[in-house]
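Engineer: Sharing a structure, written as structure tokens. Questions coming.
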Amino acid sequence: MQWSEIRKQYPNKFVLIGEIVEEKMSETQSRILEGTVLKTSDNGKEIRRVYQQYKHKGKEVLYSLPLTPEEFIVENIPYKGIIR
């Protein structure tokens, strides 16, 4: 389903999305074009919990906030830290 359709069908909801189709904009940014709705909720904690379950299984998923704009852009920031 197109992102614009998801946004219209589930206004003011947290939406968990899988099978994501994205357009690379730069080295770190991608525009989300479409995906499959896996879960919707009014509760952000619930969506975060389900998101973590999918990630734990190795699934590629994202979640949108109720105010995610029409143009859904994701920025991937490399993790930098000290490994001990």
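Residues are referred to by chain and number: the chain letter is A, B, ... according to the order shown in the structure tokens, the number counts from 1 in that chain, and ligands are numbered separately from 1 in the order shown.
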Within 10 Å of range 39-42 of chain A, counting only C-alpha atoms, which residues show up once you throw out same-chain ones fewer than 6 positions away? Write them as a PyMOL selection string, please.
Structural biologist: chain A and resi 10+12-18+50-51+63-66
Engineer: Next, write the just-selected residues to a file, as a CSV table (one decimal), in the first residue's frame, keeping N, CA and C atoms as the atom set.
Structural biologist:
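Final output, out-v9.csv:
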```csv
chain,number,residue,atom,x,y,z
A,10,TYR,N,-5.2,5.6,8.1
A,10,TYR,CA,-5.0,5.5,9.5
A,10,TYR,C,-4.5,6.8,10.1
A,12,ASN,N,-3.8,9.8,12.6
A,12,ASN,CA,-3.6,10.0,14.0
A,12,ASN,C,-3.4,8.6,14.7
A,13,LYS,N,-2.8,7.7,14.0
A,13,LYS,CA,-2.4,6.4,14.6
A,13,LYS,C,-1.0,6.1,14.5
A,14,PHE,N,-0.5,5.3,15.4
A,14,PHE,CA,0.9,4.7,15.2
A,14,PHE,C,0.7,3.5,14.3
A,15,VAL,N,1.6,3.4,13.3
A,15,VAL,CA,1.4,2.4,12.3
A,15,VAL,C,2.8,1.6,12.1
A,16,LEU,N,2.7,0.3,12.3
A,16,LEU,CA,3.9,-0.5,12.1
A,16,LEU,C,3.8,-1.0,10.7
A,17,ILE,N,4.9,-0.8,9.9
A,17,ILE,CA,5.0,-1.1,8.5
A,17,ILE,C,6.1,-2.1,8.2
A,18,GLY,N,5.8,-3.1,7.4
A,18,GLY,CA,6.8,-4.1,6.9
A,18,GLY,C,6.8,-4.1,5.4
A,50,VAL,N,5.7,-4.3,19.8
A,50,VAL,CA,5.5,-5.1,18.6
A,50,VAL,C,6.7,-4.9,17.6
A,51,TYR,N,7.1,-3.7,17.5
A,51,TYR,CA,8.3,-3.3,16.6
A,51,TYR,C,9.5,-4.1,17.1
A,63,TYR,N,8.1,2.1,12.2
A,63,TYR,CA,6.8,2.5,12.6
A,63,TYR,C,6.7,4.0,12.4
A,64,SER,N,5.5,4.5,12.1
A,64,SER,CA,5.3,5.9,12.0
A,64,SER,C,4.5,6.5,13.2
A,65,LEU,N,4.7,7.7,13.4
A,65,LEU,CA,4.0,8.4,14.5
A,65,LEU,C,2.8,9.0,13.9
A,66,PRO,N,1.8,9.4,14.8
A,66,PRO,CA,0.6,10.0,14.3
A,66,PRO,C,0.8,11.2,13.4
```
Engineer: Taking the DSSP assignment computed from this structure's backbone, write out as a ChimeraX atom specification all residues of chain A that belong to strand (DSSP E or B).
Structural biologist: /A:2,14-24,29-41,61-64,73-75
Engineer: Just list the residues in chain A DSSP gives helix (DSSP H, G or I) on the backbone, as a ChimeraX atom specification.
Structural biologist: /A:3-9,44-56
Engineer: Using the selection just defined, write its residues with C-alpha atoms as a compact mmCIF listing (two decimals), in the first residue's frame.
Structural biologist:
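The resulting file, again07.txt, is reproduced below:
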```
# COMPACT_ATOMS: atom_id res chain seq x y z
CA TRP A 3 2.46 5.57 2.12
CA SER A 4 -0.04 8.30 1.20
CA GLU A 5 -2.88 5.73 1.33
CA ILE A 6 -1.68 4.35 4.69
CA ARG A 7 -1.59 7.87 6.10
CA LYS A 8 -5.14 8.59 4.88
CA GLN A 9 -6.55 5.25 6.06
CA GLY A 44 2.88 4.22 21.16
CA LYS A 45 4.21 1.80 23.77
CA GLU A 46 2.25 -1.05 22.21
CA ILE A 47 3.61 -0.30 18.72
CA ARG A 48 7.15 -0.05 20.12
CA ARG A 49 6.75 -3.46 21.83
CA VAL A 50 5.51 -5.13 18.62
CA TYR A 51 8.26 -3.34 16.65
CA GLN A 52 10.89 -4.83 18.97
CA GLN A 53 9.37 -8.32 18.58
CA TYR A 54 9.65 -8.08 14.78
CA LYS A 55 13.21 -6.71 14.97
CA HIS A 56 14.19 -9.52 17.36
```
Engineer: In Å, rounded to a single decimal, give me how far CA of Lys59 in chain A is from CA of Val21 in chain A.
Structural biologist: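 If I compute the distance from CA of Val21 in chain A to CA of Lys59 in chain A, I get 14.0 Å.
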Engineer: Show me, as a PyMOL selection string, the residues that have an atom within 8 Å of Ile20 in chain A when counting only C-alpha atoms, minus same-chain residues fewer than 5 positions from it.
Structural biologist: chain A and resi 32-36+60-61
Engineer: Separation of CA of Ser26 in chain A and CA of Pro69 in chain A, in Å?
Structural biologist: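 Computing the Euclidean distance for CA of Ser26 in chain A and CA of Pro69 in chain A yields 19.0 Å.
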Engineer: Could you tell me how far CA of Leu67 in chain A sits from CA of Lys80 in chain A, in Å to one decimal place?
Structural biologist: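 According to the coordinates, CA of Lys80 in chain A and CA of Leu67 in chain A are separated by 28.6 Å.
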Engineer: Taking 5 positions as the minimum chain separation for residues in the same chain, which residues sit within 12 Å of Glu75 in chain A when counting only C-alpha atoms? Answer as JSON, numbers by chain.
Structural biologist: {"A": [22, 23, 24, 25, 26, 27, 28, 29, 30, 31, 32, 62]}
Engineer: Pull C-alpha atoms from the residues just selected and write them as an mmCIF file, in the first residue's frame.
Structural biologist:
```cif
data_model
loop_
_atom_site.group_PDB
_atom_site.id
_atom_site.type_symbol
_atom_site.label_atom_id
_atom_site.label_comp_id
_atom_site.auth_asym_id
_atom_site.auth_seq_id
_atom_site.Cartn_x
_atom_site.Cartn_y
_atom_site.Cartn_z
ATOM 1 C CA GLU A 22 11.980 2.990 -0.268
ATOM 2 C CA GLU A 23 13.733 5.462 -2.522
ATOM 3 C CA LYS A 24 17.334 6.300 -1.642
ATOM 4 C CA MET A 25 17.793 10.065 -1.425
ATOM 5 C CA SER A 26 21.368 10.190 -0.119
ATOM 6 C CA GLU A 27 23.882 8.056 1.763
ATOM 7 C CA THR A 28 21.859 8.394 4.953
ATOM 8 C CA GLN A 29 18.318 9.286 3.860
ATOM 9 C CA SER A 30 15.511 7.287 2.264
ATOM 10 C CA ARG A 31 11.927 8.178 1.367
ATOM 11 C CA ILE A 32 9.350 5.530 2.286
ATOM 12 C CA LEU A 62 9.415 0.737 10.694
#
```
Engineer: Using only C-alpha atoms for the distances, tell me which of A:Glu19, A:Asn43, A:Glu70, A:Gly58 is nearest to Met1 in chain A.
Structural biologist: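 Of all the options, A:Glu19 lies closest to Met1 in chain A.
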Engineer: Nearest to Val37 in chain A among A:Ile77, A:Gln2, A:Lys57, A:Phe72, with distances taken over only C-alpha atoms: which residue is it?
Structural biologist: A:Gln2
